[in-house]
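Printed here is protein-v7.cif (mmCIF, C-alpha atoms):
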```cif
data_structure
#
loop_
_atom_site.label_atom_id
_atom_site.label_comp_id
_atom_site.auth_asym_id
_atom_site.auth_seq_id
_atom_site.Cartn_x
_atom_site.Cartn_y
_atom_site.Cartn_z
CA MET X 249 -0.84 55.07 -44.06
CA LYS X 250 2.21 53.29 -42.75
CA ILE X 251 3.58 49.85 -43.55
CA VAL X 252 6.15 48.23 -41.28
CA THR X 253 8.01 45.02 -42.05
CA VAL X 254 9.15 42.82 -39.19
CA CYS X 255 11.58 39.94 -38.70
CA SER X 256 13.35 38.55 -35.67
CA THR X 257 16.51 40.63 -35.98
CA GLY X 258 14.91 43.68 -37.58
CA LEU X 259 17.65 44.37 -40.08
CA GLY X 260 18.04 41.62 -42.65
CA SER X 261 14.87 39.98 -43.89
CA SER X 262 12.62 42.84 -42.75
CA PHE X 263 14.84 45.45 -44.42
CA MET X 264 14.88 43.43 -47.64
CA THR X 265 11.07 43.25 -47.53
CA GLN X 266 10.76 46.98 -46.85
CA LEU X 267 12.88 47.79 -49.90
CA ASN X 268 10.78 45.45 -52.04
CA ILE X 269 7.55 46.98 -50.72
CA GLU X 270 8.88 50.43 -51.65
CA LYS X 271 9.57 49.07 -55.12
CA ALA X 272 6.02 47.70 -55.28
CA LEU X 273 4.56 51.06 -54.18
CA LYS X 274 6.52 52.74 -56.95
CA GLN X 275 5.28 50.21 -59.50
CA LEU X 276 1.72 50.74 -58.31
CA GLY X 277 2.16 54.50 -58.65
CA VAL X 278 1.31 55.11 -55.01
CA SER X 279 3.11 57.80 -53.02
CA GLY X 280 2.81 59.10 -49.49
CA VAL X 281 2.93 55.69 -47.83
CA GLU X 282 5.45 55.57 -45.02
CA THR X 283 7.54 52.41 -44.61
CA ASP X 284 9.92 51.14 -41.97
CA HIS X 285 11.40 47.87 -40.70
CA MET X 286 11.90 46.65 -37.14
CA ASP X 287 12.36 43.58 -35.04
CA LEU X 288 9.34 41.64 -33.89
CA GLY X 289 10.16 42.20 -30.22
CA SER X 290 10.04 46.00 -30.47
CA ALA X 291 7.06 46.33 -32.81
CA THR X 292 3.77 47.46 -31.28
CA PRO X 293 0.31 47.74 -32.90
CA ASN X 294 0.73 51.54 -32.92
CA ASP X 295 3.78 51.41 -35.15
CA ALA X 296 1.88 50.84 -38.39
CA ASP X 297 -1.45 50.30 -40.09
CA VAL X 298 -0.23 47.13 -41.75
CA PHE X 299 2.63 44.80 -40.86
CA PHE X 300 4.33 42.55 -43.42
CA CYS X 301 6.43 39.54 -42.45
CA GLY X 302 7.56 36.14 -43.68
CA ARG X 303 5.15 33.25 -43.14
CA ASP X 304 7.31 31.73 -40.41
CA ILE X 305 6.77 34.53 -37.94
CA ALA X 306 3.22 35.45 -39.02
CA ASP X 307 1.69 33.64 -36.04
CA ALA X 308 4.04 35.33 -33.61
CA ALA X 309 3.25 38.69 -35.20
CA SER X 310 -0.53 38.21 -35.26
CA GLU X 311 -1.22 40.37 -32.20
CA LEU X 312 0.14 43.43 -34.03
CA GLY X 313 -3.17 43.76 -35.86
CA ASP X 314 -3.34 43.74 -39.66
CA VAL X 315 -0.53 41.31 -40.45
CA VAL X 316 0.23 40.19 -44.00
CA SER X 317 2.14 36.93 -44.36
CA LEU X 318 4.51 36.54 -47.32
CA ASN X 319 5.54 33.16 -48.74
CA SER X 320 8.53 34.79 -50.39
CA LEU X 321 10.26 38.04 -49.51
CA ILE X 322 11.66 38.48 -53.02
CA ASP X 323 8.68 37.53 -55.20
CA MET X 324 7.61 40.91 -56.58
CA ASN X 325 4.33 39.52 -57.93
CA GLU X 326 3.23 38.31 -54.51
CA ILE X 327 4.48 41.46 -52.77
CA THR X 328 2.82 43.82 -55.26
CA ASP X 329 -0.51 41.94 -55.07
CA LYS X 330 -0.52 41.93 -51.28
CA VAL X 331 0.58 45.56 -50.99
CA LYS X 332 -2.19 46.55 -53.40
CA ALA X 333 -4.76 44.62 -51.33
CA ALA X 334 -3.49 46.22 -48.12
CA LEU X 335 -3.71 49.73 -49.60
CA GLU X 336 -7.27 49.13 -50.76
CA ARG X 337 -8.19 47.69 -47.37
CA HIS X 338 -7.03 50.90 -45.75
CA GLY X 339 -8.69 53.20 -48.24
CA VAL X 340 -5.60 54.27 -50.18
CA ALA X 341 -6.39 54.79 -53.85
CA VAL X 342 -4.28 52.69 -56.21
CA PRO X 343 -4.04 54.20 -59.70
CA GLY X 344 -5.29 51.69 -62.27
CA LYS X 345 -2.14 50.40 -63.95
CA ASP X 346 -2.42 47.09 -65.73
CA MET Y 295 26.46 46.60 -57.82
CA LEU Y 296 26.88 43.75 -55.41
CA GLU Y 297 30.55 43.09 -55.98
CA GLN Y 298 31.74 46.10 -54.01
CA PHE Y 299 30.27 44.50 -50.89
CA LEU Y 300 31.45 40.94 -51.48
CA SER Y 301 34.38 39.88 -49.38
CA PRO Y 302 37.49 38.71 -51.31
CA GLY Y 303 37.14 34.95 -51.71
CA GLY Y 304 33.59 35.41 -50.49
CA LEU Y 305 31.93 33.38 -53.23
CA LEU Y 306 31.79 29.64 -52.71
CA TYR Y 307 30.35 26.68 -54.56
CA GLU Y 308 29.76 23.15 -53.26
CA GLU Y 309 28.12 20.22 -55.02
CA SER Y 310 26.43 19.48 -51.72
CA VAL Y 311 26.70 20.39 -48.05
CA PRO Y 312 25.87 18.01 -45.18
CA GLY Y 313 23.38 20.42 -43.60
CA TRP Y 314 22.48 24.01 -42.81
CA LYS Y 315 24.95 24.34 -39.92
CA GLN Y 316 27.83 23.36 -42.18
CA ALA Y 317 26.47 25.76 -44.79
CA VAL Y 318 26.54 28.60 -42.24
CA ASP Y 319 30.09 27.65 -41.23
CA GLU Y 320 31.23 27.61 -44.86
CA VAL Y 321 29.58 30.82 -45.96
CA ALA Y 322 30.85 32.67 -42.87
CA GLN Y 323 34.45 31.48 -43.24
CA PRO Y 324 35.54 34.11 -45.81
CA LEU Y 325 34.24 36.84 -43.50
CA LEU Y 326 36.08 35.33 -40.54
CA ASP Y 327 39.22 35.11 -42.68
CA ALA Y 328 38.82 38.73 -43.72
CA GLY Y 329 38.31 39.73 -40.10
CA THR Y 330 34.96 41.42 -40.72
CA ILE Y 331 33.09 39.21 -38.22
CA LYS Y 332 33.94 37.29 -35.04
CA THR Y 333 33.13 33.62 -34.41
CA SER Y 334 30.45 34.78 -31.96
CA TYR Y 335 28.54 36.14 -34.96
CA VAL Y 336 28.50 32.72 -36.64
CA ASP Y 337 27.22 31.16 -33.41
CA ALA Y 338 24.50 33.81 -33.16
CA VAL Y 339 23.36 33.09 -36.73
CA LYS Y 340 23.09 29.37 -35.98
CA GLU Y 341 21.22 30.02 -32.73
CA ALA Y 342 18.78 32.30 -34.53
CA ILE Y 343 18.06 29.73 -37.24
CA ALA Y 344 17.53 26.96 -34.70
CA LYS Y 345 14.98 29.02 -32.76
CA PRO Y 346 11.25 28.70 -33.54
CA GLY Y 347 10.54 30.86 -36.57
CA GLY Y 348 14.25 31.07 -37.39
CA THR Y 349 13.45 30.12 -40.96
CA TYR Y 350 12.42 33.76 -41.53
CA MET Y 351 15.88 33.98 -43.06
CA ASP Y 352 14.49 32.03 -46.03
CA LEU Y 353 13.77 34.80 -48.52
CA GLY Y 354 12.12 32.47 -51.03
CA SER Y 355 13.25 31.00 -54.36
CA GLY Y 356 15.87 28.90 -52.55
CA VAL Y 357 17.72 31.93 -51.18
CA ALA Y 358 18.55 32.35 -47.49
CA LEU Y 359 19.98 35.44 -45.82
CA ALA Y 360 22.02 34.31 -42.83
CA HIS Y 361 22.38 37.20 -40.41
CA ALA Y 362 22.24 38.24 -36.77
CA ARG Y 363 22.39 41.47 -34.78
CA PRO Y 364 25.53 43.63 -35.24
CA GLU Y 365 26.37 43.39 -31.53
CA ALA Y 366 26.73 39.61 -31.92
CA GLY Y 367 30.11 40.25 -33.52
CA VAL Y 368 30.20 42.33 -36.68
CA ILE Y 369 33.36 44.37 -37.23
CA THR Y 370 32.76 45.64 -40.77
CA THR Y 371 29.72 45.47 -43.05
CA SER Y 372 30.35 42.64 -45.50
CA LEU Y 373 28.73 39.91 -47.55
CA SER Y 374 29.55 36.41 -48.78
CA ALA Y 375 27.61 33.73 -50.62
CA LEU Y 376 27.57 29.95 -50.92
CA HIS Y 377 25.77 28.06 -53.65
CA ALA Y 378 25.02 24.38 -53.18
CA GLY Y 379 24.35 22.21 -56.23
CA THR Y 380 21.99 20.11 -54.11
CA PRO Y 381 19.55 21.99 -51.87
CA PHE Y 382 19.96 21.73 -48.11
CA LEU Y 383 17.20 22.27 -45.55
CA LEU Y 384 17.24 25.43 -43.43
CA ALA Y 385 16.64 24.45 -39.78
CA ASP Y 386 16.17 20.88 -41.11
CA ASP Y 387 12.73 22.01 -42.28
CA GLU Y 388 11.44 20.45 -45.51
CA ASP Y 389 9.51 23.64 -46.24
CA HIS Y 390 12.79 25.52 -46.57
CA PRO Y 391 15.10 24.03 -49.22
CA ILE Y 392 18.02 26.40 -49.85
CA THR Y 393 20.48 26.53 -52.72
CA THR Y 394 22.04 29.96 -52.17
CA MET Y 395 22.95 31.22 -48.73
CA PHE Y 396 24.19 34.76 -48.27
CA CYS Y 397 25.98 35.69 -45.07
CA LEU Y 398 25.14 39.30 -44.23
CA ALA Y 399 27.21 41.12 -41.66
CA ALA Y 400 25.68 44.53 -40.95
CA GLN Y 401 27.80 46.85 -38.86
CA ASP Y 402 24.81 48.95 -37.87
CA ALA Y 403 21.31 49.68 -39.06
CA ASN Y 404 22.41 52.47 -41.41
CA LYS Y 405 25.75 51.36 -42.81
CA HIS Y 406 24.24 48.44 -44.67
CA LEU Y 407 21.59 50.49 -46.47
CA SER Y 408 23.38 50.54 -49.82
CA LEU Y 409 24.32 46.86 -49.50
CA MET Y 410 20.71 45.91 -48.81
CA GLN Y 411 19.50 48.07 -51.68
CA ALA Y 412 21.89 46.34 -54.06
CA LEU Y 413 20.90 42.92 -52.72
CA ALA Y 414 17.16 43.64 -52.80
CA THR Y 415 17.39 45.01 -56.33
CA PHE Y 416 19.31 41.94 -57.43
CA LEU Y 417 17.17 39.32 -55.68
CA SER Y 418 13.75 40.77 -56.49
CA ASP Y 419 14.53 40.42 -60.20
CA GLU Y 420 12.95 37.21 -61.45
CA SER Y 421 15.58 36.58 -64.12
CA ASN Y 422 18.32 36.89 -61.50
CA GLN Y 423 16.46 34.38 -59.29
CA GLN Y 424 16.38 31.94 -62.19
CA ARG Y 425 20.03 32.46 -63.09
CA LEU Y 426 21.03 32.01 -59.46
CA ALA Y 427 19.04 28.78 -59.16
CA GLN Y 428 20.88 27.31 -62.16
CA VAL Y 429 24.42 28.06 -61.00
CA SER Y 430 26.68 25.00 -61.25
CA SER Y 431 30.16 26.34 -60.48
CA LYS Y 432 31.96 29.03 -58.54
CA GLN Y 433 32.69 30.89 -61.78
CA GLU Y 434 29.00 30.91 -62.66
CA LEU Y 435 28.09 32.16 -59.20
CA GLU Y 436 30.56 34.98 -59.61
CA ALA Y 437 29.25 35.78 -63.07
CA VAL Y 438 25.63 35.93 -61.87
CA LEU Y 439 26.35 38.01 -58.76
CA THR Y 440 28.83 40.45 -60.24
CA GLY Y 441 27.36 40.64 -63.72
CA LYS Y 442 30.72 39.67 -65.24
CA SER Y 443 30.79 37.08 -67.97
CA THR Y 444 32.75 33.89 -67.40
CA GLN Y 445 36.08 33.85 -69.20
CA HIS Y 446 36.64 30.11 -68.98
CA GLU Y 447 34.43 27.33 -70.20
#
```
Could you render the structure from this file as structure tokens?
Amino acid sequence: MKIVTVCSTGLGSSFMTQLNIEKALKQLGVSGVETDHMDLGSATPNDADVFFCGRDIADAASELGDVVSLNSLIDMNEITDKVKAALERHGVAVPGKD
Amino acid sequence: MLEQFLSPGGLLYEESVPGWKQAVDEVAQPLLDAGTIKTSYVDAVKEAIAKPGGTYMDLGSGVALAHARPEAGVITTSLSALHAGTPFLLADDEDHPITTMFCLAAQDANKHLSLMQALATFLSDESNQQRLAQVSSKQELEAVLTGKSTQHE
């Protein structure tokens, strides 16, 4: 399983989101998920199983495949919920931690 | 954590700014003064924001991360921040009211790893988001970002 975050420059917003997704994975108790960040122009559907990006470039990113749009890149509740849903969608077990 | 990356004089407070372009100019000025970026970098940031989808720099909770590619004119990895008492609109878009704008200058993809980690750790903390939103002076901005308490009332 691999999650890639994308933004237009590939090093600011996408990097921030990647770090927050790693934090969410830790909180969820999930390991073994690969993460990376890149710019929208270089990303291809083969780069990841799921792509996360801010809502403003979600349309532009839609052809990458499974694209998750975030309203906020620093809202850990939203990020954790959407990461959890993405993991379950791709058959990755999420330990029950409530 | 963050203070080691903040440029000297890199924290600014304004009651209000006329618009997002002026905000970019203001927040970038300390980095220009310190010689860590070139004016071409500031232009690149403004061009990126004005492009369709340029509001991706809005991180949420009123925080924007103004940045562009290193080759646009970054000399040294550095960071500055501007807080506006009254929100301004990123790309003149009502969906993107901003109160705190960071200017991120990343020298290359690897050198800003520790800066981004410090920034992500800080910004993803809900209490920090709330404290940042309530800033009403330069001293308070400094206190919130560096974790130091304000000495003067």
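Across the chains present, the PyMOL selection byres ((chain X) within 6 of (chain Y)) applied to this file returns X:Met264, X:Gly302, X:Asp304, X:Ile305, X:Ser320, X:Leu321, X:Ile322.
Between atom CA of Thr333 of chain Y and atom CA of Cys255 of chain X there is a distance of 22.9 Å.
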Inset, instruction - Find the residues around Leu312 of chain X up to 9 Å (only C-alpha atoms counted), leave out those fewer than 6 positions away in its own chain, and share them as a ChimeraX atom specification. - result: /X:291-296,298-299
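For the file at hand, the PyMOL selection byres ((chain Y and resi 369) around 7) resolves to Thr330, Ile331, Gly367, Val368, Thr370, Thr371 and Gln401 of chain Y.
The gap separating atom CA of Asp297 of chain X from atom CA of His338 of chain X is 8.0 Å, in Å to one decimal.
The space separating atom CA of Thr440 of chain Y from atom CA of Met295 of chain Y comes to 7.0 Å.
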Inset, instruction - Expand the PyMOL selection byres ((chain Y and resi 385-388) around 10) into the individual residues it matches in the shown file, reporting them as a ChimeraX atom specification. - result: /Y:313-315,340,342-349,382-384,389-392
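Residues in contact range of Asp287 of chain X, defined as at most 8 Å between all atoms listed in the file, with sequence neighbours fewer than 4 positions away removed, read Val254, Cys255, Ser256, Thr257, Gly258, Leu259, Ser262 and Ala291 of chain X.
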Inset, instruction - Considering all atoms listed in the file, return as a PyMOL selection string whatever protein or nucleic-acid residues lie within 9 Å of Ala375 of chain Y, sequence-local ones (same chain, fewer than 3 positions apart) excluded. - result: chain Y and resi 300+304-307+321-322+394-398+435
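Considering the residues X:Leu273, X:Ala306, X:Leu267, X:Met249 and counting all atoms listed in the file, Lys330 of chain X has its shortest atom-to-atom contact with X:Leu273.
Closest to Lys442 of chain Y among Y:Asp327, Y:Glu309, Y:Glu297, Y:Asp319 is Y:Glu297, based on all atoms listed in the file.
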Legend entry - Neighbour list for Ser310 of chain Y as a ChimeraX atom specification, cut-off 7 Å, only C-alpha atoms, skip fewer than 4 positions in-chain: /Y:378-380
Inset, instruction - Excluding Ala333 of chain X and any residue of its chain fewer than 4 positions from it, enumerate the residues within 12 Å of it, using only C-alpha atoms, and give them as a PyMOL selection string. - result: chain X and resi 272-273+276+298+314+316+326-329+337-342
